[in-house]
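Report on the following structure.
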Amino acid sequence: TFHAFGLTVTTLLPILEGIPMVCQADPTDARAVSRLVATHRITIMIATATFLRIYLRSKKVPPLMFDSLRVVVTGAERLPAEVRNGFRNKFGKTVLEGYGSTETSPVATVNIPDLLLDQNGSIQTANKAGTVGQPLPGTRIRIVDPDTFKPLPTGDEGLVLISGTQVMKGYLDDPERDAMTITEMDGLRWYHTGDKGKLDDDGFLTIIDRYSRFAKLGGEMVSLGAVEQFLDNLVDDSEVELLAVALPAPSKGEQVVVLVTDTDYATGLRSRVQTSDMPAIMRPKHYFAVDSIPKLGTGKVDLATAKRLAADLLEEL
């Protein structure tokens with residue numbers, strides 16, 4: 001495997017715990033994945049939202065192919081509501097979203113199935129849709145002001161810090177980067193995630209967006225993830241993907257450019273936005289049709305490549 005989750009959770013954990021494991025070299029091959037699940041009666045499946053979307057859309061994956069699954073876990077990228085709801089509607093499975101980074105080995109929080117506490121029907125809520133779950137045992141999450149690092153009240157949005165035994169010792173031979181990423185407070189080492197998030201009263205973490213995925217528009221910082229979610233609600237076709245990126249504006253500040261995997265929507269979204277209640281400051285400046293949204297091998301969006309693609313398309317205007 002070439003990434004931390006694949007090494008720790010789907011390689012080392014099964015070896016240490018004696019858990020039988022089945023691997024599929026190409027996770028985008030929905031038919032092959034579903035055949036393995038059905039043949040081996042697999043009970044736990046781990047996949048990014050991108051791969052789950054593929055299985056959801058595929059006509060080659062009837063619901064009974066995933067009948068044996070007890071737990072479906074996703075991470076590495078935001079789980080869109082349409083994928084979460086679609087998976088429940090098609091397969092009858094609840095997708096559990098988690099969160100972490102390579103620097104946290106790489107899991108920090110996760111949703112788990114709700115727990116039945118007694119025979120009277122008392123239930124402990126352990127999964128909240130839209131959140132990335134609660135911290136793992138021994139893990140602490142703190143939300144702080146990104147400038148002062150002052151802890152913020154429950155419910156306030158700020159920089160997500162993570163402390164726990166899974167936090168890395170540091171980057172190899174890069175003490176300067178270590179100093180920028182790890183802070184010691186209250187006798188604990190805290191990793192700066194670079195993510196904006198908030199905690200609720202039950203300790204569930206919600207990720208708003210990467211701080212790097214904000215655009216400065218009209219003097220305001222606008223979440224590109226929020227732009228994407230708003231546009232998603234204006235798209236009727238579940239197979240259409242879109243991505244918002246921030247590029248320098250001709251005068252000053254930045255502008256939002258959207259890549260869309262459908263020519264009709266690339267030309268029609270502007271009029272849909274104009275007749276919607278989308279705040280004017282959030283409205284994208286340009287829409288471009290592309291064959292596909294650039295992805296990494298993990299299924300996550302390749303933001304750097306996507307931004308270069310958007311810049312090239314903008315230059316061609």
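Following the order of the structure tokens, first chain is A, next is B, and so on, with residues numbered from 1 inside each chain and ligands from 1 in the order they appear.
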
As a PDB file with C-alpha atoms, in the first residue's frame, please: all residues of region 16-147 of chain A that backbone DSSP puts in alpha helix (DSSP H).
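Final file, result-v7.pdb:
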ATOM      1  CA  LEU A  16      -2.042  -8.365  14.321  1.00  0.00           C
ATOM      2  CA  GLU A  17      -5.647  -9.380  15.043  1.00  0.00           C
ATOM      3  CA  ALA A  30     -17.339  -2.058  -9.023  1.00  0.00           C
ATOM      4  CA  ARG A  31     -18.188  -5.474 -10.435  1.00  0.00           C
ATOM      5  CA  ALA A  32     -14.971  -7.062  -9.140  1.00  0.00           C
ATOM      6  CA  VAL A  33     -15.360  -5.476  -5.700  1.00  0.00           C
ATOM      7  CA  SER A  34     -18.968  -6.627  -5.355  1.00  0.00           C
ATOM      8  CA  ARG A  35     -18.076 -10.154  -6.461  1.00  0.00           C
ATOM      9  CA  LEU A  36     -15.415 -10.381  -3.757  1.00  0.00           C
ATOM     10  CA  VAL A  37     -17.842  -9.107  -1.123  1.00  0.00           C
ATOM     11  CA  ALA A  38     -20.508 -11.622  -2.141  1.00  0.00           C
ATOM     12  CA  THR A  39     -18.135 -14.576  -2.618  1.00  0.00           C
ATOM     13  CA  HIS A  40     -16.265 -14.192   0.674  1.00  0.00           C
ATOM     14  CA  ALA A  49     -16.547   8.428  -0.879  1.00  0.00           C
ATOM     15  CA  THR A  50     -15.362   8.474  -4.490  1.00  0.00           C
ATOM     16  CA  PHE A  51     -15.320   4.670  -4.625  1.00  0.00           C
ATOM     17  CA  LEU A  52     -18.627   4.364  -2.765  1.00  0.00           C
ATOM     18  CA  ARG A  53     -20.187   6.658  -5.359  1.00  0.00           C
ATOM     19  CA  ILE A  54     -18.976   4.305  -8.105  1.00  0.00           C
ATOM     20  CA  TYR A  55     -20.571   1.269  -6.420  1.00  0.00           C
ATOM     21  CA  LEU A  56     -23.764   3.209  -5.837  1.00  0.00           C
ATOM     22  CA  ARG A  57     -24.092   4.225  -9.484  1.00  0.00           C
ATOM     23  CA  ALA A  81     -25.086  13.529   1.625  1.00  0.00           C
ATOM     24  CA  GLU A  82     -26.298  12.041  -1.661  1.00  0.00           C
ATOM     25  CA  VAL A  83     -23.752   9.211  -1.379  1.00  0.00           C
ATOM     26  CA  ARG A  84     -24.593   8.559   2.273  1.00  0.00           C
ATOM     27  CA  ASN A  85     -28.335   8.585   1.600  1.00  0.00           C
ATOM     28  CA  GLY A  86     -28.009   6.705  -1.685  1.00  0.00           C
ATOM     29  CA  PHE A  87     -26.022   3.903  -0.051  1.00  0.00           C
ATOM     30  CA  ARG A  88     -28.692   3.523   2.607  1.00  0.00           C
ATOM     31  CA  ASN A  89     -31.494   3.537   0.039  1.00  0.00           C
ATOM     32  CA  LYS A  90     -29.869   1.099  -2.404  1.00  0.00           C
ATOM     33  CA  PHE A  91     -27.979  -1.270  -0.117  1.00  0.00           C
TER      34      PHE A  91
END

List the spatial neighbours of Met180 (chain A) as a tab-separated table (two decimals) with C-alpha atoms, in the first residue's frame - criterion: any atom at most 12 Å away, only C-alpha atoms, same-chain residues fewer than 5 positions off excluded.
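File out_10.tsv, as written:
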chain	number	residue	atom	x	y	z
A	170	GLY	CA	7.80	14.66	13.38
A	171	TYR	CA	8.71	14.94	9.73
A	174	ASP	CA	12.57	18.72	8.77
A	175	PRO	CA	12.64	20.43	12.19
A	190	TRP	CA	-0.91	18.96	19.53
A	191	TYR	CA	-0.91	18.49	15.76
A	192	HIS	CA	-2.21	21.40	13.67
A	193	THR	CA	-4.49	19.82	11.08
A	194	GLY	CA	-5.04	22.90	8.93

For this session: Identify, on the basis of only C-alpha atoms, every residue whose closest approach to region 244-258 of chain A does not exceed 12 Å; exclude the query and any residue fewer than 6 positions from it along the same chain; express the result as a PyMOL selection string.
Result: chain A and resi 212-232+265-267+269-270+280-290+293+301-315

For this session: Determine, counting only C-alpha atoms, which protein, DNA and RNA residues have an atom within 8 Å of an atom of Glu157 (chain A); residues of the same chain fewer than 3 positions away are not included. Present the result as a ChimeraX atom specification.
Result: /A:143,152,196-198

For this session: Measuring atom to atom with only C-alpha atoms, identify which of A:Thr94, A:Thr11, A:Thr48, A:Asn233 is nearest to Arg70 (chain A).
Result: A:Thr94

For this session: Rank A:Ile141, A:Val95, A:Ala108, A:Leu12 by their smallest atom-to-atom distance to Asn127 (chain A), using only C-alpha atoms, and report the top residue only.
Result: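 Using only C-alpha atoms, Asn127 (chain A) sits closest to A:Val95.
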
For this session: Would you mind writing down, as a PyMOL selection string, each residue of region 254-294 of chain A that DSSP on the backbone assigns to strand (DSSP E)?
Result: chain A and resi 254-260+286-289

Would you export the selected residues with N, CA and C atoms as a PDB file, in the first residue's frame, please?
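Ended up saving to part.pdb:
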ATOM      1  N   GLU A 254      -9.440  37.047  -5.023  1.00  0.00           N
ATOM      2  CA  GLU A 254      -9.558  35.785  -5.748  1.00  0.00           C
ATOM      3  C   GLU A 254     -10.937  35.660  -6.391  1.00  0.00           C
ATOM      4  N   GLN A 255     -11.059  34.671  -7.274  1.00  0.00           N
ATOM      5  CA  GLN A 255     -12.328  34.354  -7.907  1.00  0.00           C
ATOM      6  C   GLN A 255     -12.532  32.846  -7.849  1.00  0.00           C
ATOM      7  N   VAL A 256     -13.780  32.412  -7.825  1.00  0.00           N
ATOM      8  CA  VAL A 256     -14.097  30.990  -7.772  1.00  0.00           C
ATOM      9  C   VAL A 256     -14.355  30.476  -9.183  1.00  0.00           C
ATOM     10  N   VAL A 257     -13.656  29.393  -9.532  1.00  0.00           N
ATOM     11  CA  VAL A 257     -13.815  28.733 -10.824  1.00  0.00           C
ATOM     12  C   VAL A 257     -14.293  27.311 -10.553  1.00  0.00           C
ATOM     13  N   VAL A 258     -15.297  26.865 -11.302  1.00  0.00           N
ATOM     14  CA  VAL A 258     -15.887  25.548 -11.078  1.00  0.00           C
ATOM     15  C   VAL A 258     -15.623  24.632 -12.265  1.00  0.00           C
ATOM     16  N   LEU A 259     -15.150  23.421 -11.971  1.00  0.00           N
ATOM     17  CA  LEU A 259     -14.985  22.372 -12.974  1.00  0.00           C
ATOM     18  C   LEU A 259     -16.184  21.438 -12.860  1.00  0.00           C
ATOM     19  N   VAL A 260     -16.823  21.127 -13.987  1.00  0.00           N
ATOM     20  CA  VAL A 260     -18.033  20.303 -13.993  1.00  0.00           C
ATOM     21  C   VAL A 260     -17.894  19.201 -15.033  1.00  0.00           C
ATOM     22  N   HIS A 286     -16.566  31.573 -13.128  1.00  0.00           N
ATOM     23  CA  HIS A 286     -16.478  30.800 -14.364  1.00  0.00           C
ATOM     24  C   HIS A 286     -16.839  29.341 -14.107  1.00  0.00           C
ATOM     25  N   TYR A 287     -17.383  28.692 -15.156  1.00  0.00           N
ATOM     26  CA  TYR A 287     -17.710  27.264 -15.118  1.00  0.00           C
ATOM     27  C   TYR A 287     -17.090  26.611 -16.349  1.00  0.00           C
ATOM     28  N   PHE A 288     -16.360  25.512 -16.147  1.00  0.00           N
ATOM     29  CA  PHE A 288     -15.724  24.817 -17.264  1.00  0.00           C
ATOM     30  C   PHE A 288     -16.117  23.345 -17.254  1.00  0.00           C
ATOM     31  N   ALA A 289     -16.438  22.813 -18.438  1.00  0.00           N
ATOM     32  CA  ALA A 289     -16.733  21.390 -18.571  1.00  0.00           C
ATOM     33  C   ALA A 289     -15.428  20.616 -18.712  1.00  0.00           C
TER      34      ALA A 289
END

For this session: Name all residues at most 12 Å from Ile123 (chain A) (count only C-alpha atoms; drop same-chain ones fewer than 5 positions away) and give them as a list in words.
Result: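 The residues that qualify are Pro113, Asp114, Leu115, Leu116, Leu117 and Asp118 of chain A.
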
Thr261 (chain A) environment, 7 Å, only C-alpha atoms, sequence neighbours closer than 6 positions dropped, as an mmCIF file with C-alpha atoms, in the first residue's frame:
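Done, and the output landed in part_10.cif:
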data_model
loop_
_atom_site.group_PDB
_atom_site.id
_atom_site.type_symbol
_atom_site.label_atom_id
_atom_site.label_comp_id
_atom_site.auth_asym_id
_atom_site.auth_seq_id
_atom_site.Cartn_x
_atom_site.Cartn_y
_atom_site.Cartn_z
ATOM 1 C CA VAL A 240 -22.297 14.817 -12.349
ATOM 2 C CA GLU A 241 -19.244 15.820 -10.304
ATOM 3 C CA LEU A 242 -18.035 19.334 -9.686
ATOM 4 C CA ALA A 289 -16.733 21.390 -18.571
ATOM 5 C CA VAL A 290 -14.104 18.664 -18.042
ATOM 6 C CA ASP A 291 -14.024 14.951 -18.784
ATOM 7 C CA SER A 292 -13.320 14.112 -15.145
#

Exercise. Nearest to Thr154 (chain A): which of A:Ile112, A:Leu205, A:Met45, A:Ile182 is it, counting only C-alpha atoms?
Worked result: A:Leu205
